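J.: My structure is in work20.txt, and what it holds is compact mmCIF, C-alpha atoms:
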```txt
# COMPACT_ATOMS: atom_id res chain seq x y z
CA MET A 1162 34.74 8.70 -28.50
CA THR A 1163 31.54 6.68 -29.04
CA LYS A 1164 29.13 8.26 -31.47
CA LYS A 1165 25.69 8.73 -29.94
CA ASN A 1166 22.65 7.83 -31.98
CA THR A 1167 19.33 8.04 -30.18
CA LYS A 1168 17.23 7.31 -33.26
CA PRO A 1169 17.53 4.17 -35.41
CA ARG A 1170 17.42 5.00 -39.11
CA ASN A 1171 14.10 5.41 -40.92
CA VAL A 1172 12.04 4.97 -37.74
CA PRO A 1173 9.54 7.67 -36.66
CA THR A 1174 9.60 9.11 -33.14
CA LEU A 1175 6.64 9.48 -30.79
CA PRO A 1176 6.09 11.69 -27.71
CA VAL A 1177 6.66 9.54 -24.60
CA ASP A 1178 3.57 11.08 -22.94
CA LYS A 1179 1.42 9.76 -25.79
CA ILE A 1180 2.35 6.11 -25.11
CA ALA A 1181 0.37 3.95 -22.70
CA VAL A 1182 1.50 0.62 -21.20
CA GLY A 1183 -1.25 -2.01 -21.55
CA THR A 1184 -2.15 -4.90 -19.27
CA TRP A 1185 -0.91 -7.40 -21.87
CA ASN A 1186 2.72 -6.37 -21.33
CA VAL A 1187 4.37 -9.31 -19.57
CA ARG A 1188 6.70 -7.31 -17.35
CA THR A 1189 4.38 -6.67 -14.38
CA LEU A 1190 6.36 -7.56 -11.25
CA ASP A 1191 9.53 -5.55 -11.74
CA PRO A 1192 9.04 -2.97 -14.50
CA GLU A 1193 11.55 -0.58 -12.90
CA LYS A 1194 14.31 -3.19 -12.71
CA ARG A 1195 17.62 -1.70 -13.97
CA VAL A 1196 15.84 1.18 -15.72
CA GLU A 1197 18.43 3.71 -14.52
CA GLU A 1198 21.22 1.47 -15.76
CA LEU A 1199 19.54 1.32 -19.17
CA ALA A 1200 19.05 5.09 -19.15
CA GLU A 1201 22.80 5.57 -18.60
CA SER A 1202 23.51 3.24 -21.51
CA ILE A 1203 21.13 5.20 -23.76
CA LEU A 1204 22.88 8.44 -22.77
CA LYS A 1205 26.24 6.97 -23.80
CA TYR A 1206 25.37 4.91 -26.86
CA GLY A 1207 21.87 5.92 -27.92
CA LEU A 1208 18.83 3.67 -28.35
CA LEU A 1209 19.82 0.54 -30.24
CA GLN A 1210 16.32 -0.87 -30.76
CA PRO A 1211 12.99 0.99 -31.17
CA ILE A 1212 9.91 0.15 -29.15
CA VAL A 1213 6.81 -1.38 -30.78
CA VAL A 1214 3.34 0.17 -30.45
CA PHE A 1215 -0.09 0.24 -32.07
CA GLN A 1216 -2.21 3.34 -32.53
CA GLU A 1217 -5.74 3.77 -31.20
CA ASN A 1218 -7.35 7.19 -31.74
CA ASP A 1219 -4.79 9.80 -30.63
CA MET A 1220 -2.86 7.48 -28.29
CA PHE A 1221 -0.22 4.81 -28.86
CA HIS A 1222 -0.20 1.58 -26.86
CA LEU A 1223 3.04 -0.21 -26.02
CA ILE A 1224 3.55 -3.80 -27.15
CA VAL A 1225 7.33 -4.22 -26.73
CA GLY A 1226 9.91 -2.05 -24.95
CA GLN A 1227 8.59 -1.11 -21.51
CA ARG A 1228 12.04 -0.60 -19.95
CA ARG A 1229 13.19 1.47 -22.93
CA LEU A 1230 10.13 3.72 -22.58
CA ARG A 1231 10.65 4.10 -18.83
CA ALA A 1232 14.32 4.94 -19.41
CA PHE A 1233 13.36 7.72 -21.86
CA ARG A 1234 10.81 9.09 -19.38
CA SER A 1235 13.43 9.03 -16.64
CA LEU A 1236 15.89 10.95 -18.81
CA GLU A 1237 13.21 13.50 -19.74
CA LYS A 1238 12.46 14.11 -16.05
CA LYS A 1239 16.16 14.75 -15.48
CA GLY A 1240 16.06 17.56 -18.03
CA TYR A 1241 17.25 15.83 -21.18
CA SER A 1242 14.74 17.39 -23.56
CA LYS A 1243 15.68 15.31 -26.62
CA TYR A 1244 14.29 12.25 -24.86
CA LYS A 1245 10.73 13.61 -24.97
CA GLU A 1246 10.28 11.44 -28.07
CA ILE A 1247 11.25 7.82 -28.63
CA PRO A 1248 11.78 5.85 -31.88
CA ALA A 1249 8.89 3.44 -32.43
CA ILE A 1250 7.67 0.84 -34.90
CA ILE A 1251 3.94 1.45 -35.30
CA PHE A 1252 1.46 -1.35 -36.01
CA PRO A 1253 -1.37 -0.02 -38.21
CA THR A 1254 -4.05 -1.90 -36.24
CA LYS A 1255 -4.40 -3.31 -32.77
CA PRO A 1256 -3.42 -7.02 -32.57
CA ASP A 1257 -5.79 -9.26 -30.59
CA GLU A 1258 -4.98 -9.92 -26.91
CA GLU A 1259 -3.37 -13.28 -27.63
CA HIS A 1260 -0.93 -11.82 -30.16
CA LEU A 1261 -0.17 -8.88 -27.86
CA LYS A 1262 0.84 -11.25 -25.07
CA ILE A 1263 2.88 -13.47 -27.40
CA LEU A 1264 4.72 -10.50 -28.92
CA SER A 1265 5.55 -9.12 -25.50
CA LEU A 1266 6.61 -12.51 -24.11
CA SER A 1267 8.67 -13.42 -27.18
CA GLU A 1268 10.64 -10.21 -26.71
CA ASN A 1269 11.44 -11.03 -23.08
CA ILE A 1270 11.29 -14.78 -22.41
CA HIS A 1271 14.97 -15.47 -23.05
CA ARG A 1272 16.22 -12.41 -21.12
CA VAL A 1273 17.64 -13.01 -17.66
CA GLU A 1274 16.02 -9.92 -16.15
CA LEU A 1275 12.42 -10.95 -16.90
CA ASN A 1276 10.70 -12.17 -13.75
CA ARG A 1277 9.45 -15.71 -14.30
CA ALA A 1278 6.17 -14.94 -12.57
CA ASP A 1279 5.34 -12.82 -15.60
CA ILE A 1280 6.13 -15.73 -17.94
CA VAL A 1281 3.90 -18.01 -15.85
CA GLU A 1282 0.97 -15.59 -16.21
CA VAL A 1283 1.15 -15.57 -20.02
CA ILE A 1284 1.73 -19.33 -20.34
CA SER A 1285 -1.22 -19.99 -18.03
CA TYR A 1286 -3.40 -17.61 -20.09
CA LEU A 1287 -2.52 -19.34 -23.39
CA TYR A 1288 -2.78 -22.83 -21.87
CA ASN A 1289 -6.35 -22.21 -20.70
CA LYS A 1290 -7.33 -20.48 -23.94
CA TYR A 1291 -6.17 -23.40 -26.06
CA GLY A 1292 -7.97 -26.14 -24.16
CA LYS A 1293 -5.01 -26.95 -21.91
CA SER A 1294 -2.85 -27.97 -24.88
CA ALA A 1295 0.78 -27.62 -23.80
CA LYS A 1296 1.87 -28.67 -27.28
CA ARG A 1297 -0.01 -25.75 -28.88
CA VAL A 1298 1.40 -23.23 -26.40
CA ALA A 1299 4.93 -24.59 -26.85
CA LYS A 1300 4.62 -24.15 -30.61
CA LEU A 1301 3.31 -20.59 -30.23
CA LEU A 1302 6.16 -19.52 -27.95
CA GLY A 1303 8.97 -21.59 -29.42
CA ILE A 1304 9.82 -23.43 -26.21
CA SER A 1305 9.56 -27.11 -25.24
CA VAL A 1306 6.47 -28.89 -23.89
CA PRO A 1307 8.30 -29.95 -20.67
CA THR A 1308 9.19 -26.28 -20.08
CA ILE A 1309 5.52 -25.33 -20.45
CA TYR A 1310 4.50 -27.94 -17.86
CA ASP A 1311 7.32 -26.82 -15.57
CA TYR A 1312 5.98 -23.25 -15.54
CA LEU A 1313 2.38 -24.44 -15.09
CA LYS A 1314 3.34 -26.27 -11.91
CA ILE A 1315 3.86 -22.92 -10.19
CA GLN A 1316 0.97 -21.00 -11.77
CA ASP A 1317 -1.04 -21.08 -8.54
CA ALA A 1318 1.83 -19.92 -6.33
CA PRO A 1319 1.29 -16.53 -4.64
CA LYS A 1320 3.21 -13.72 -6.37
CA GLU A 1321 4.71 -12.78 -3.01
CA VAL A 1322 6.27 -16.27 -2.79
CA MET A 1323 7.72 -15.85 -6.28
CA LYS A 1324 9.23 -12.51 -5.27
CA ILE A 1325 10.82 -14.01 -2.17
CA LEU A 1326 12.13 -17.10 -3.93
CA SER A 1327 14.02 -15.29 -6.64
CA ARG A 1328 17.71 -15.06 -7.40
CA ASN A 1329 19.24 -12.34 -9.56
CA GLY A 1330 15.77 -11.32 -10.68
CA ARG A 1331 14.70 -14.85 -11.61
CA VAL A 1332 12.21 -16.97 -9.72
CA VAL A 1333 13.71 -20.30 -8.69
CA LYS A 1334 10.94 -22.62 -9.90
CA ALA A 1335 12.18 -25.64 -7.95
CA ASP A 1336 12.03 -23.74 -4.66
CA VAL A 1337 8.52 -22.42 -5.40
CA LYS A 1338 7.31 -25.97 -6.09
CA ARG A 1339 8.89 -27.20 -2.85
CA VAL A 1340 7.23 -24.50 -0.74
CA MET A 1341 3.90 -25.28 -2.42
CA GLU A 1342 4.37 -28.94 -1.52
CA LEU A 1343 5.25 -28.12 2.08
CA ALA A 1344 2.15 -25.94 2.58
CA PRO A 1345 -0.38 -26.96 -0.09
CA GLY A 1346 -3.29 -24.54 -0.49
CA ASN A 1347 -2.20 -22.29 2.39
CA GLU A 1348 -1.07 -18.99 0.87
CA GLU A 1349 -0.28 -17.28 4.17
CA GLN A 1350 1.84 -20.19 5.34
CA MET A 1351 3.63 -20.41 1.98
CA ILE A 1352 4.72 -16.79 2.28
CA LYS A 1353 6.03 -17.32 5.83
CA LEU A 1354 7.83 -20.51 4.80
CA ALA A 1355 9.38 -18.92 1.71
CA LYS A 1356 11.27 -16.40 3.84
CA GLU A 1357 12.86 -19.20 5.89
CA PHE A 1358 13.16 -21.65 3.01
CA LYS A 1359 15.56 -19.46 1.01
CA LYS A 1360 18.01 -19.61 3.93
CA LEU A 1361 18.37 -23.39 3.60
CA THR A 1362 21.17 -25.01 1.63
CA PRO A 1363 20.18 -26.94 -1.55
CA PRO A 1364 20.49 -30.37 0.18
CA GLU A 1365 18.45 -29.10 3.15
CA LYS A 1366 15.67 -27.93 0.80
CA VAL A 1367 15.51 -31.36 -0.80
CA ARG A 1368 15.51 -33.10 2.60
CA ALA A 1369 12.73 -30.86 3.95
CA VAL A 1370 10.40 -31.98 1.17
CA GLU A 1371 11.47 -35.63 1.54
CA ILE A 1372 10.74 -35.48 5.28
CA LYS A 1373 7.29 -33.99 4.62
CA ARG A 1374 6.53 -36.76 2.11
CA ARG A 1375 7.58 -39.49 4.57
CA LYS A 1376 5.75 -37.82 7.47
CA PRO A 1377 2.62 -36.10 6.10
CA GLU A 1378 1.51 -35.26 9.64
CA ILE A 1379 4.62 -33.19 10.40
CA LYS A 1380 4.33 -29.40 10.29
CA PRO A 1381 6.24 -27.68 7.44
CA LYS A 1382 8.42 -25.68 9.85
CA GLN A 1383 9.33 -28.86 11.73
CA ALA A 1384 10.28 -30.53 8.45
CA MET A 1385 12.61 -27.60 7.70
CA GLN A 1386 14.16 -27.74 11.17
CA GLU A 1387 14.69 -31.49 10.88
CA ALA A 1388 16.31 -30.98 7.48
CA LYS A 1389 19.00 -28.81 9.10
CA LYS A 1390 20.13 -31.62 11.43
CA PRO A 1391 23.38 -33.45 10.65
CA PHE A 1392 22.82 -35.86 7.82
CA THR A 1393 25.01 -38.70 6.65
CA GLU A 1394 25.32 -39.02 2.90
CA GLU A 1395 27.63 -40.87 0.59
CA LYS A 1396 28.98 -39.43 -2.64
CA ILE A 1397 29.32 -41.63 -5.70
CA LEU A 1398 31.38 -40.64 -8.73
CA VAL A 1399 29.60 -41.53 -11.97
CA PRO A 1400 31.43 -41.24 -15.32
CA LEU A 1401 29.30 -39.42 -17.91
CA ASN A 1402 29.85 -39.19 -21.65
CA PRO A 1403 29.66 -35.76 -23.35
CA ALA A 1404 26.10 -36.37 -24.60
CA LEU A 1405 24.85 -37.11 -21.06
CA ILE A 1406 26.66 -34.07 -19.65
CA LYS A 1407 25.05 -31.86 -22.30
CA ALA A 1408 21.60 -33.33 -21.59
CA LEU A 1409 22.11 -32.88 -17.84
CA ASP A 1410 23.11 -29.23 -18.20
CA THR A 1411 20.12 -28.60 -20.48
CA ALA A 1412 17.86 -30.04 -17.76
CA VAL A 1413 19.56 -27.85 -15.13
CA LYS A 1414 18.66 -24.71 -17.11
CA ALA A 1415 15.13 -25.92 -17.88
CA VAL A 1416 13.98 -27.02 -14.41
CA GLY A 1417 16.16 -24.91 -12.10
CA LEU A 1418 17.67 -27.85 -10.18
CA SER A 1419 21.36 -28.56 -9.66
CA ARG A 1420 23.18 -31.44 -11.35
CA GLU A 1421 23.24 -33.34 -8.06
CA GLU A 1422 19.50 -32.85 -7.46
CA ILE A 1423 18.58 -34.09 -10.94
CA ALA A 1424 20.91 -37.11 -10.63
CA THR A 1425 19.46 -38.00 -7.22
CA LYS A 1426 15.89 -37.64 -8.53
CA ALA A 1427 16.65 -39.83 -11.57
CA LEU A 1428 18.18 -42.51 -9.36
CA GLU A 1429 15.24 -42.40 -6.93
CA ASP A 1430 12.74 -42.75 -9.77
CA TRP A 1431 14.59 -45.68 -11.33
CA LEU A 1432 14.99 -47.54 -8.04
CA SER A 1433 11.37 -46.82 -7.14
CA ASN A 1434 10.07 -48.11 -10.50
CA LYS A 1435 12.10 -51.31 -10.03
CA GLY A 1436 10.74 -51.79 -6.52
CA TYR A 1437 14.03 -51.26 -4.71
CA TYR A 1438 13.15 -47.94 -3.06
CA ARG A 1439 10.11 -46.44 -1.40
CA LYS A 1440 9.74 -42.67 -1.44
```
Starting from the file, lay out its structure as structure tokens.
T.:
Amino acid sequence: MTKKNTKPRNVPTLPVDKIAVGTWNVRTLDPEKRVEELAESILKYGLLQPIVVFQENDMFHLIVGQRRLRAFRSLEKKGYSKYKEIPAIIFPTKPDEEHLKILSLSENIHRVELNRADIVEVISYLYNKYGKSAKRVAKLLGISVPTIYDYLKIQDAPKEVMKILSRNGRVVKADVKRVMELAPGNEEQMIKLAKEFKKLTPPEKVRAVEIKRRKPEIKPKQAMQEAKKPFTEEKILVPLNPALIKALDTAVKAVGLSREEIATKALEDWLSNKGYYRK
């Protein structure tokens, strides 16, 4: 039988009704995601990691651990009285807004369940604060400069579009960028397109954008319909050494495109730069 331990050693506990969730917490789009699942885990195995707060007057303000706090509150509502208090690491003073955002984002950025729209909001905030220096933001967050730019490309996308174009709780950045390109500046149209766009196959999504680039006058919906028509394509087998395969898979994770999409894009760019191909 698994031994339950709801309180990590040498960590004080705080009443859950004395903890407020601030606006700096990065998890804004889906704070309730899998909370019940986490609550069940806490019931079985206890809380493995305390939350992090700072104190201001007689209240405590959450920095890290929003889902853990919500899980404790859920268990308390169900009648589990010992979950009225939660283990917490207490900062003696309130960090400034920048450090609050960084602490919250650092806790969540590498977790699958964090909605990428929330990451975009924090990266955009830091990018503007530091004079649009992607290098400075990358250093603060411990991620690459290209990744920073990749997130910034979708910073102006409507949150509704990000919700629609998500998979397993993660926004598909490539699809958001494509919808933005199909309907630039038109939020209402982007939202309508996003609902239809997610039904397309990966090659159809790529073709829809290519058609719109070749025919700027065409309506976005027409471009999507045209992309669904039978299309002749030839497959080429290219031998790759282990280093190239590793680099390709790293790019897949970073930009949210498939191997085939990245390879096609690289070939297009090379042929275009050499004057053999017109986009």
J.: Which residue out of A:Gly1240, A:Pro1391, A:Pro1307, A:Pro1345 has the minimum interatomic distance to Pro1319 (chain A) when only C-alpha atoms are used?
T.: A:Pro1345
J.: Looking at all atoms listed in the file, which of A:Lys1407, A:Lys1390, A:Lys1314, A:His1222 is the one that sits closest to Pro1256 (chain A)?
T.: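 Among A:Lys1407, A:Lys1390, A:Lys1314, A:His1222, it is A:His1222 that comes nearest to Pro1256 (chain A).
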J.: Neighbours of Asn1218 (chain A) within 12 Å (all atoms listed in the file; same-chain residues fewer than 4 positions away dropped), as a count of residues only?
T.: 6
J.: If I take CA of Ile1203 (chain A) and CA of Tyr1244 (chain A), how far is one from the other in Å, to one decimal?
T.: 9.9 Å
J.: Just checking: using all atoms listed in the file, which residue out of A:Glu1259, A:Leu1326, A:Leu1409, A:Ile1284 ends up closest to Val1306 (chain A)?
T.: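 Between A:Glu1259, A:Leu1326, A:Leu1409, A:Ile1284, the residue approaching Val1306 (chain A) most closely is A:Ile1284.
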J.: Env of Ile1315 (chain A): 8 Å cut, atoms = only C-alpha atoms, seq-sep filter 4 positions within chain, self excluded. Answer as a list in words.
T.: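 Skipping anything fewer than 4 positions along the chain leaves Val1281, Asp1311, Lys1334, Val1337 and Lys1338 of chain A.
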J.: One decimal, in Å: what's the spacing between CA of Lys1366 (chain A) and CA of Ala1318 (chain A)?
T.: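 Interatomic distance here is 17.5 Å.
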J.: Looking at all atoms listed in the file, which of A:Leu1343, A:Val1225, A:Ala1299, A:Ala1181 is the one that sits closest to Glu1378 (chain A)?
T.: A:Leu1343
J.: If you count all atoms listed in the file, which residues fall within 12 Å of Val1399 (chain A), apart from same-chain ones fewer than 2 positions away, as an NGL selection string?
T.: :A and (1396-1397 or 1401-1402 or 1405-1406 or 1420-1421 or 1424-1425 or 1428)
J.: Just to be explicit: take each residue in the selection above, keep C-alpha atoms, and write the result as a PDB file, in the coordinates of the input.
T.:
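File written: part-v6.pdb
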```pdb
ATOM      1  CA  LYS A1396      28.980 -39.430  -2.640  1.00  0.00           C
ATOM      2  CA  ILE A1397      29.320 -41.630  -5.700  1.00  0.00           C
ATOM      3  CA  LEU A1401      29.300 -39.420 -17.910  1.00  0.00           C
ATOM      4  CA  ASN A1402      29.850 -39.190 -21.650  1.00  0.00           C
ATOM      5  CA  LEU A1405      24.850 -37.110 -21.060  1.00  0.00           C
ATOM      6  CA  ILE A1406      26.660 -34.070 -19.650  1.00  0.00           C
ATOM      7  CA  ARG A1420      23.180 -31.440 -11.350  1.00  0.00           C
ATOM      8  CA  GLU A1421      23.240 -33.340  -8.060  1.00  0.00           C
ATOM      9  CA  ALA A1424      20.910 -37.110 -10.630  1.00  0.00           C
ATOM     10  CA  THR A1425      19.460 -38.000  -7.220  1.00  0.00           C
ATOM     11  CA  LEU A1428      18.180 -42.510  -9.360  1.00  0.00           C
TER      12      LEU A1428
END
```
J.: Excluding region 1355-1363 of chain A and residues on its chain fewer than 2 positions from it, collect all residues at most 7 Å away from it, counting only C-alpha atoms, and give them as a ChimeraX atom specification.
T.: /A:1322,1325-1326,1340,1351-1353,1365-1367
J.: Distance CA of Arg1339 (chain A)-CA of Lys1290 (chain A), one decimal place?
T.: 27.4 Å
J.: Could you please give me, as a PyMOL selection string, the residues of protein, DNA or RNA lying at most 7 Å from (10.9, -4.5, -27.5) in the coordinate frame of the file, considering all atoms listed in the file?
T.: chain A and resi 1211-1213+1225-1226+1268
J.: Kindly indicate which residue among A:Lys1380, A:Arg1368, A:Arg1374, A:His1260 lies nearest to Ile1224 (chain A), using all atoms listed in the file for the distances.
T.: A:His1260
J.: Given all atoms listed in the file as the basis, pick out the residue of A:Leu1208, A:Val1177, A:Ala1388, A:Ile1372 nearest to Ser1242 (chain A).
T.: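 Going through A:Leu1208, A:Val1177, A:Ala1388, A:Ile1372 one by one, the smallest distance to Ser1242 (chain A) is for A:Val1177.
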